[in-house]
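Novice: Have a look at this one before I ask anything.
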Amino acid sequence: MKKIVVVNWKMHPQTLAEAIDLYRFTSEVCGPVKDKVLTVVCPPFVYLEELSKIESDVLLGAQDCHWEKEGAFTGEVSPTMLENLRVKYVLVGHSERRLHMGETNEMIARKIRTLVNNNLTPILAIGEKHKGEKLEEVLFPQLRSAFEDIERISSKVIIAYEPVWAIGADESDTPEHATEIVKFVRTMLFSNPVLYGGSVNHLNIRDFVLVPEIAGVLIGGASVDKEEFKKIIEAISDV
Ligand code: PGA
């Protein structure tokens, strides 16, 4: 089974020239391992059009999307706009959006429904804020609200388990704990791929991708650091 590597550039880089350079670099690094790794790059919206014109073995994703198809939603981007730019995947419910933009489980559920209906693959991020929080109290409501009324089509959704305390931190989750959570998610959604995200780097990546239940990783900070990203891909190329 191919491992999935989702790359989240967040609000980087600052110029189109840098974005093109980083995308070409990412494509060069990931191209040779395309039989083993499916790479999805999620740049800021403003770069998608130019990046979509570049021949590449990596696929394009977006960092967010609105739940309505069109209308008076200032500052928002619709699923159709993304589809027209060859975007295939969309991150939904990233903890930074839940925290800074006030995204609720209900908004996230609406986005997932719209994306699935538009043949885009949502990558739903779930995770607890603090170490040791009770799973049932955080992850269960996040999953239940996202899937309540789309059960029949829910297998199209990729889940990313990202403990919030491990995002952009010096410390990742342990592979043992992440595996436990991934197994828990798969008891509810056994046909959905489940990724791990949160401080993935070239030293710990193998520990996560070697676990059969973990379908891949979501990489933030390390994906805009060329040297680090190259080492990450090298580390998983012989998995
Ligand atoms: P990080 O971010 O790899 O920088 O911890 C993960 C994410 O954005 O989901």
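Ligands are numbered from 1 in the order shown, residues from 1 within each chain, and chains are lettered A, B, ... in the order they appear in the structure tokens.
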Do you know which residues are at most 12 Å from Asp57 of chain A counting only C-alpha atoms, after dropping those on the same chain fewer than 6 positions away, and could you put them as a list in words?
Specialist: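 Near neighbours after the sequence-gap exclusion: Tyr23, Arg24, Phe25, Thr26, Ser27, Glu28, Val29, Cys30, Gly31, Pro32, Val33, Lys34, Asp35, Val37, Leu38, Thr39, Val40 and Val41 of chain A.
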Novice: Show me which residues are within 9 Å of ligand 1 counting only C-alpha atoms and all ligand atoms, and format the list as an mmCIF file with N, CA and C atoms, in the first residue's frame.
Specialist:
```
data_model
loop_
_atom_site.group_PDB
_atom_site.id
_atom_site.type_symbol
_atom_site.label_atom_id
_atom_site.label_comp_id
_atom_site.auth_asym_id
_atom_site.auth_seq_id
_atom_site.Cartn_x
_atom_site.Cartn_y
_atom_site.Cartn_z
ATOM 1 N N VAL A 6 0.868 14.177 3.222
ATOM 2 C CA VAL A 6 0.175 15.439 2.967
ATOM 3 C C VAL A 6 1.045 16.552 3.530
ATOM 4 N N VAL A 7 1.294 17.534 2.681
ATOM 5 C CA VAL A 7 2.196 18.615 3.008
ATOM 6 C C VAL A 7 1.383 19.904 3.175
ATOM 7 N N ASN A 8 1.463 20.498 4.354
ATOM 8 C CA ASN A 8 0.692 21.715 4.633
ATOM 9 C C ASN A 8 1.651 22.885 4.793
ATOM 10 N N TRP A 9 1.698 23.748 3.759
ATOM 11 C CA TRP A 9 2.632 24.881 3.808
ATOM 12 C C TRP A 9 2.154 25.983 4.753
ATOM 13 N N LYS A 10 0.931 25.878 5.236
ATOM 14 C CA LYS A 10 0.338 26.935 6.094
ATOM 15 C C LYS A 10 0.483 28.295 5.385
ATOM 16 N N HIS A 94 -8.529 21.870 10.441
ATOM 17 C CA HIS A 94 -7.189 21.933 11.046
ATOM 18 C C HIS A 94 -7.295 22.683 12.375
ATOM 19 N N SER A 95 -6.497 22.265 13.339
ATOM 20 C CA SER A 95 -6.640 22.862 14.684
ATOM 21 C C SER A 95 -6.370 24.359 14.669
ATOM 22 N N GLU A 96 -5.520 24.817 13.725
ATOM 23 C CA GLU A 96 -5.261 26.265 13.667
ATOM 24 C C GLU A 96 -6.506 27.012 13.210
ATOM 25 N N ALA A 125 -8.933 16.878 10.058
ATOM 26 C CA ALA A 125 -7.986 16.846 11.180
ATOM 27 C C ALA A 125 -8.761 16.778 12.495
ATOM 28 N N ALA A 160 -6.941 12.739 9.704
ATOM 29 C CA ALA A 160 -5.572 13.004 10.175
ATOM 30 C C ALA A 160 -5.626 13.190 11.687
ATOM 31 N N TYR A 161 -5.031 12.249 12.389
ATOM 32 C CA TYR A 161 -4.958 12.415 13.849
ATOM 33 C C TYR A 161 -3.775 13.323 14.158
ATOM 34 N N GLU A 162 -4.104 14.506 14.690
ATOM 35 C CA GLU A 162 -3.066 15.485 15.000
ATOM 36 C C GLU A 162 -3.274 16.016 16.409
ATOM 37 N N VAL A 164 -3.105 18.374 19.173
ATOM 38 C CA VAL A 164 -2.824 19.803 19.019
ATOM 39 C C VAL A 164 -1.512 20.184 19.718
ATOM 40 N N TRP A 165 -1.239 19.549 20.836
ATOM 41 C CA TRP A 165 -0.024 19.875 21.596
ATOM 42 C C TRP A 165 1.252 19.491 20.842
ATOM 43 N N ALA A 166 1.130 18.674 19.813
ATOM 44 C CA ALA A 166 2.325 18.242 19.069
ATOM 45 C C ALA A 166 2.511 19.034 17.777
ATOM 46 N N ILE A 167 1.563 19.924 17.450
ATOM 47 C CA ILE A 167 1.667 20.661 16.182
ATOM 48 C C ILE A 167 2.618 21.841 16.342
ATOM 49 N N GLY A 168 3.594 21.923 15.447
ATOM 50 C CA GLY A 168 4.568 23.016 15.499
ATOM 51 C C GLY A 168 5.342 23.007 16.809
ATOM 52 N N ALA A 169 5.481 21.851 17.404
ATOM 53 C CA ALA A 169 6.152 21.754 18.708
ATOM 54 C C ALA A 169 7.503 21.051 18.541
ATOM 55 N N ASP A 170 8.205 20.878 19.646
ATOM 56 C CA ASP A 170 9.477 20.157 19.571
ATOM 57 C C ASP A 170 9.267 18.668 19.748
ATOM 58 N N GLU A 171 8.037 18.319 20.090
ATOM 59 C CA GLU A 171 7.785 16.939 20.480
ATOM 60 C C GLU A 171 6.617 16.374 19.678
ATOM 61 N N SER A 172 6.818 15.188 19.117
ATOM 62 C CA SER A 172 5.691 14.539 18.435
ATOM 63 C C SER A 172 5.031 13.584 19.430
ATOM 64 N N TYR A 196 -1.078 10.339 10.632
ATOM 65 C CA TYR A 196 -0.626 10.995 11.859
ATOM 66 C C TYR A 196 -0.005 12.337 11.461
ATOM 67 N N GLY A 197 -0.223 13.378 12.274
ATOM 68 C CA GLY A 197 0.419 14.681 12.058
ATOM 69 C C GLY A 197 0.791 15.318 13.372
ATOM 70 N N GLY A 198 1.860 16.120 13.348
ATOM 71 C CA GLY A 198 2.317 16.821 14.557
ATOM 72 C C GLY A 198 3.803 16.588 14.757
ATOM 73 N N SER A 199 4.610 17.612 14.343
ATOM 74 C CA SER A 199 6.075 17.567 14.517
ATOM 75 C C SER A 199 6.723 16.340 13.886
ATOM 76 N N VAL A 200 6.256 15.993 12.703
ATOM 77 C CA VAL A 200 6.918 14.908 11.967
ATOM 78 C C VAL A 200 8.216 15.465 11.381
ATOM 79 N N ASN A 201 9.308 14.708 11.530
ATOM 80 C CA ASN A 201 10.595 15.134 10.965
ATOM 81 C C ASN A 201 11.349 13.904 10.447
ATOM 82 N N LEU A 218 0.910 13.844 7.961
ATOM 83 C CA LEU A 218 0.628 15.220 7.564
ATOM 84 C C LEU A 218 1.783 16.055 8.105
ATOM 85 N N ILE A 219 2.471 16.751 7.206
ATOM 86 C CA ILE A 219 3.688 17.465 7.605
ATOM 87 C C ILE A 219 3.499 18.967 7.415
ATOM 88 N N GLY A 220 3.712 19.726 8.467
ATOM 89 C CA GLY A 220 3.590 21.188 8.391
ATOM 90 C C GLY A 220 4.957 21.825 8.239
ATOM 91 N N GLY A 221 5.493 22.320 9.348
ATOM 92 C CA GLY A 221 6.744 23.091 9.354
ATOM 93 C C GLY A 221 7.868 22.483 8.525
ATOM 94 N N ALA A 222 8.070 21.188 8.649
ATOM 95 C CA ALA A 222 9.204 20.560 7.957
ATOM 96 C C ALA A 222 9.034 20.550 6.444
ATOM 97 N N SER A 223 7.820 20.813 5.964
ATOM 98 C CA SER A 223 7.605 20.735 4.513
ATOM 99 C C SER A 223 8.080 21.988 3.789
#
```
Novice: Would you list, as a PyMOL selection string, the residues of segment 12-233 of chain A that end up in strand (DSSP E or B) under DSSP run on this structure's backbone?
Specialist: chain A and resi 37-42+59-62+87-92+121-126+158-161+194-197+216-219
Novice: Quick one: write out the picked residues with N, CA, C and O atoms as a compact mmCIF listing (two decimals), in the first residue's frame?
Specialist:
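Printed below is part03.txt as written:
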```txt
# COMPACT_ATOMS: atom_id res chain seq x y z
N VAL A 37 4.91 6.45 -2.47
CA VAL A 37 4.36 7.56 -1.68
C VAL A 37 3.44 8.42 -2.54
O VAL A 37 3.84 8.87 -3.63
N LEU A 38 2.24 8.65 -2.05
CA LEU A 38 1.32 9.58 -2.70
C LEU A 38 1.49 10.92 -1.99
O LEU A 38 1.20 11.01 -0.79
N THR A 39 1.98 11.92 -2.70
CA THR A 39 2.22 13.22 -2.05
C THR A 39 1.15 14.23 -2.46
O THR A 39 0.84 14.38 -3.64
N VAL A 40 0.62 14.91 -1.46
CA VAL A 40 -0.39 15.96 -1.70
C VAL A 40 0.16 17.25 -1.09
O VAL A 40 0.46 17.30 0.10
N VAL A 41 0.30 18.28 -1.93
CA VAL A 41 0.82 19.57 -1.44
C VAL A 41 -0.33 20.55 -1.27
O VAL A 41 -1.10 20.78 -2.21
N CYS A 42 -0.44 21.13 -0.08
CA CYS A 42 -1.50 22.11 0.20
C CYS A 42 -0.87 23.49 0.42
O CYS A 42 -0.50 23.85 1.54
N LEU A 59 0.19 15.76 -6.09
CA LEU A 59 -1.17 16.26 -6.31
C LEU A 59 -1.37 17.52 -5.49
O LEU A 59 -0.67 17.77 -4.50
N LEU A 60 -2.36 18.31 -5.91
CA LEU A 60 -2.61 19.56 -5.20
C LEU A 60 -3.78 19.44 -4.24
O LEU A 60 -4.80 18.82 -4.54
N GLY A 61 -3.60 20.05 -3.08
CA GLY A 61 -4.68 20.15 -2.11
C GLY A 61 -4.84 21.60 -1.70
O GLY A 61 -3.97 22.43 -1.97
N ALA A 62 -5.96 21.91 -1.05
CA ALA A 62 -6.15 23.26 -0.52
C ALA A 62 -6.20 23.18 1.00
O ALA A 62 -6.43 22.11 1.56
N VAL A 87 -7.41 20.88 -8.06
CA VAL A 87 -7.25 20.49 -6.66
C VAL A 87 -8.07 19.21 -6.43
O VAL A 87 -9.19 19.10 -6.91
N LYS A 88 -7.47 18.27 -5.70
CA LYS A 88 -8.16 17.00 -5.45
C LYS A 88 -8.49 16.80 -3.97
O LYS A 88 -9.37 16.02 -3.62
N TYR A 89 -7.74 17.44 -3.11
CA TYR A 89 -7.86 17.22 -1.66
C TYR A 89 -8.06 18.57 -0.96
O TYR A 89 -7.56 19.59 -1.43
N VAL A 90 -8.74 18.54 0.17
CA VAL A 90 -8.91 19.78 0.95
C VAL A 90 -8.79 19.46 2.44
O VAL A 90 -9.47 18.55 2.95
N LEU A 91 -7.92 20.20 3.11
CA LEU A 91 -7.82 20.05 4.57
C LEU A 91 -9.06 20.66 5.21
O LEU A 91 -9.52 21.73 4.78
N VAL A 92 -9.57 20.00 6.19
CA VAL A 92 -10.78 20.50 6.87
C VAL A 92 -10.58 20.36 8.38
O VAL A 92 -10.11 19.32 8.85
N THR A 121 -11.62 15.22 -2.06
CA THR A 121 -11.39 14.38 -0.89
C THR A 121 -11.05 15.24 0.33
O THR A 121 -10.01 15.90 0.34
N PRO A 122 -11.91 15.22 1.34
CA PRO A 122 -11.58 15.99 2.55
C PRO A 122 -10.53 15.25 3.38
O PRO A 122 -10.53 14.02 3.45
N ILE A 123 -9.64 16.01 3.98
CA ILE A 123 -8.69 15.45 4.95
C ILE A 123 -9.06 16.09 6.28
O ILE A 123 -8.78 17.27 6.53
N LEU A 124 -9.77 15.33 7.08
CA LEU A 124 -10.32 15.88 8.33
C LEU A 124 -9.31 15.74 9.47
O LEU A 124 -8.89 14.63 9.81
N ALA A 125 -8.93 16.88 10.06
CA ALA A 125 -7.99 16.85 11.18
C ALA A 125 -8.76 16.78 12.50
O ALA A 125 -9.70 17.55 12.72
N ILE A 126 -8.35 15.84 13.31
CA ILE A 126 -8.94 15.72 14.65
C ILE A 126 -7.79 15.60 15.65
O ILE A 126 -6.69 15.20 15.28
N ILE A 158 -10.36 11.21 4.34
CA ILE A 158 -9.11 10.84 5.02
C ILE A 158 -9.13 11.51 6.39
O ILE A 158 -9.52 12.68 6.51
N ILE A 159 -8.73 10.78 7.40
CA ILE A 159 -8.67 11.35 8.75
C ILE A 159 -7.21 11.60 9.09
O ILE A 159 -6.35 10.77 8.78
N ALA A 160 -6.94 12.74 9.70
CA ALA A 160 -5.57 13.00 10.17
C ALA A 160 -5.63 13.19 11.69
O ALA A 160 -6.24 14.16 12.17
N TYR A 161 -5.03 12.25 12.39
CA TYR A 161 -4.96 12.42 13.85
C TYR A 161 -3.78 13.32 14.16
O TYR A 161 -2.62 12.98 13.90
N VAL A 194 -6.13 6.65 7.85
CA VAL A 194 -5.89 7.55 8.99
C VAL A 194 -4.40 7.91 9.02
O VAL A 194 -3.53 7.04 9.04
N LEU A 195 -4.13 9.22 9.00
CA LEU A 195 -2.76 9.73 9.01
C LEU A 195 -2.38 10.18 10.41
O LEU A 195 -3.25 10.42 11.24
N TYR A 196 -1.08 10.34 10.63
CA TYR A 196 -0.63 10.99 11.86
C TYR A 196 0.00 12.34 11.46
O TYR A 196 0.72 12.42 10.46
N GLY A 197 -0.22 13.38 12.27
CA GLY A 197 0.42 14.68 12.06
C GLY A 197 0.79 15.32 13.37
O GLY A 197 0.12 15.12 14.39
N GLY A 216 -0.25 7.19 6.63
CA GLY A 216 0.71 8.20 6.18
C GLY A 216 0.83 9.32 7.19
O GLY A 216 0.43 9.16 8.35
N VAL A 217 1.35 10.46 6.73
CA VAL A 217 1.60 11.57 7.66
C VAL A 217 1.16 12.90 7.07
O VAL A 217 1.08 13.05 5.85
N LEU A 218 0.91 13.84 7.96
CA LEU A 218 0.63 15.22 7.56
C LEU A 218 1.78 16.05 8.11
O LEU A 218 2.05 16.03 9.31
N ILE A 219 2.47 16.75 7.21
CA ILE A 219 3.69 17.46 7.60
C ILE A 219 3.50 18.97 7.41
O ILE A 219 3.16 19.42 6.32
```
Novice: If you run DSSP over the backbone, which residues in segment 61-97 of chain A end up helix (DSSP H, G or I)? Put them as a list in words.
Specialist: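 Here are the helix (DSSP H, G or I) residues of segment 61-97 of chain A: Pro79, Thr80, Met81, Leu82, Glu83, Ser95, Glu96 and Arg97 of chain A.
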Novice: How would the residues just chosen look if you wrote them out with all heavy atoms as a CSV table (one decimal), in the first residue's frame?
Specialist:
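For reference, part-v3.csv as written:
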```csv
chain,number,residue,atom,x,y,z
A,79,PRO,N,-15.8,25.1,-3.5
A,79,PRO,CA,-15.3,23.8,-4.0
A,79,PRO,C,-15.1,23.8,-5.5
A,79,PRO,O,-14.2,23.3,-6.0
A,79,PRO,CB,-16.3,22.8,-3.5
A,79,PRO,CG,-17.4,23.5,-2.8
A,79,PRO,CD,-17.0,24.9,-2.7
A,80,THR,N,-16.0,24.5,-6.2
A,80,THR,CA,-15.9,24.5,-7.7
A,80,THR,C,-14.7,25.3,-8.1
A,80,THR,O,-14.0,24.9,-9.1
A,80,THR,CB,-17.2,25.2,-8.3
A,80,THR,OG1,-18.3,24.6,-7.6
A,80,THR,CG2,-17.3,25.0,-9.8
A,81,MET,N,-14.4,26.4,-7.4
A,81,MET,CA,-13.2,27.1,-7.8
A,81,MET,C,-11.9,26.2,-7.6
A,81,MET,O,-11.0,26.3,-8.4
A,81,MET,CB,-13.0,28.3,-6.8
A,81,MET,CG,-14.1,29.4,-7.0
A,81,MET,SD,-13.9,30.6,-5.7
A,81,MET,CE,-15.4,31.6,-5.9
A,82,LEU,N,-11.9,25.4,-6.6
A,82,LEU,CA,-10.8,24.6,-6.3
A,82,LEU,C,-10.7,23.5,-7.4
A,82,LEU,O,-9.6,23.2,-7.9
A,82,LEU,CB,-10.9,23.9,-4.9
A,82,LEU,CG,-10.8,24.9,-3.8
A,82,LEU,CD1,-10.9,24.2,-2.4
A,82,LEU,CD2,-9.4,25.6,-3.8
A,83,GLU,N,-11.8,22.9,-7.7
A,83,GLU,CA,-11.9,21.8,-8.7
A,83,GLU,C,-11.3,22.3,-10.0
A,83,GLU,O,-10.6,21.6,-10.7
A,83,GLU,CB,-13.3,21.4,-8.9
A,83,GLU,CG,-13.7,20.2,-8.1
A,83,GLU,CD,-15.1,19.8,-8.6
A,83,GLU,OE1,-16.1,20.5,-8.2
A,83,GLU,OE2,-15.3,18.8,-9.3
A,95,SER,N,-6.5,22.3,13.3
A,95,SER,CA,-6.6,22.9,14.7
A,95,SER,C,-6.4,24.4,14.7
A,95,SER,O,-6.9,25.1,15.5
A,95,SER,CB,-5.7,22.2,15.7
A,95,SER,OG,-4.4,22.4,15.3
A,96,GLU,N,-5.5,24.8,13.7
A,96,GLU,CA,-5.3,26.3,13.7
A,96,GLU,C,-6.5,27.0,13.2
A,96,GLU,O,-6.7,28.1,13.6
A,96,GLU,CB,-4.1,26.5,12.7
A,96,GLU,CG,-2.8,26.1,13.4
A,96,GLU,CD,-1.6,25.7,12.5
A,96,GLU,OE1,-1.7,26.0,11.3
A,96,GLU,OE2,-0.6,25.2,13.0
A,97,ARG,N,-7.3,26.4,12.4
A,97,ARG,CA,-8.6,27.0,12.0
A,97,ARG,C,-9.6,26.9,13.1
A,97,ARG,O,-10.4,27.9,13.3
A,97,ARG,CB,-9.1,26.4,10.7
A,97,ARG,CG,-8.2,26.7,9.5
A,97,ARG,CD,-8.9,26.6,8.2
A,97,ARG,NE,-10.0,27.5,8.1
A,97,ARG,CZ,-9.9,28.8,7.7
A,97,ARG,NH1,-8.8,29.3,7.4
A,97,ARG,NH2,-11.0,29.6,7.7
```
Novice: Could you tell me how far atom CA of His66 of chain A sits from atom CA of Leu48 of chain A, in Å to one decimal place?
Specialist: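 Between atom CA of Leu48 of chain A and atom CA of His66 of chain A the gap is 16.0 Å.
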Novice: Residues at most 10 Å from Pro13 of chain A, counting only C-alpha atoms, excluding those fewer than 3 positions away in the same chain, as a count of residues only?
Specialist: 12
Novice: Record the distance separating atom CA of Glu68 of chain A and atom CA of Gly93 of chain A, expressed in Å with one decimal.
Specialist: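 Atom CA of Gly93 of chain A lies at a distance of 15.8 Å from atom CA of Glu68 of chain A.
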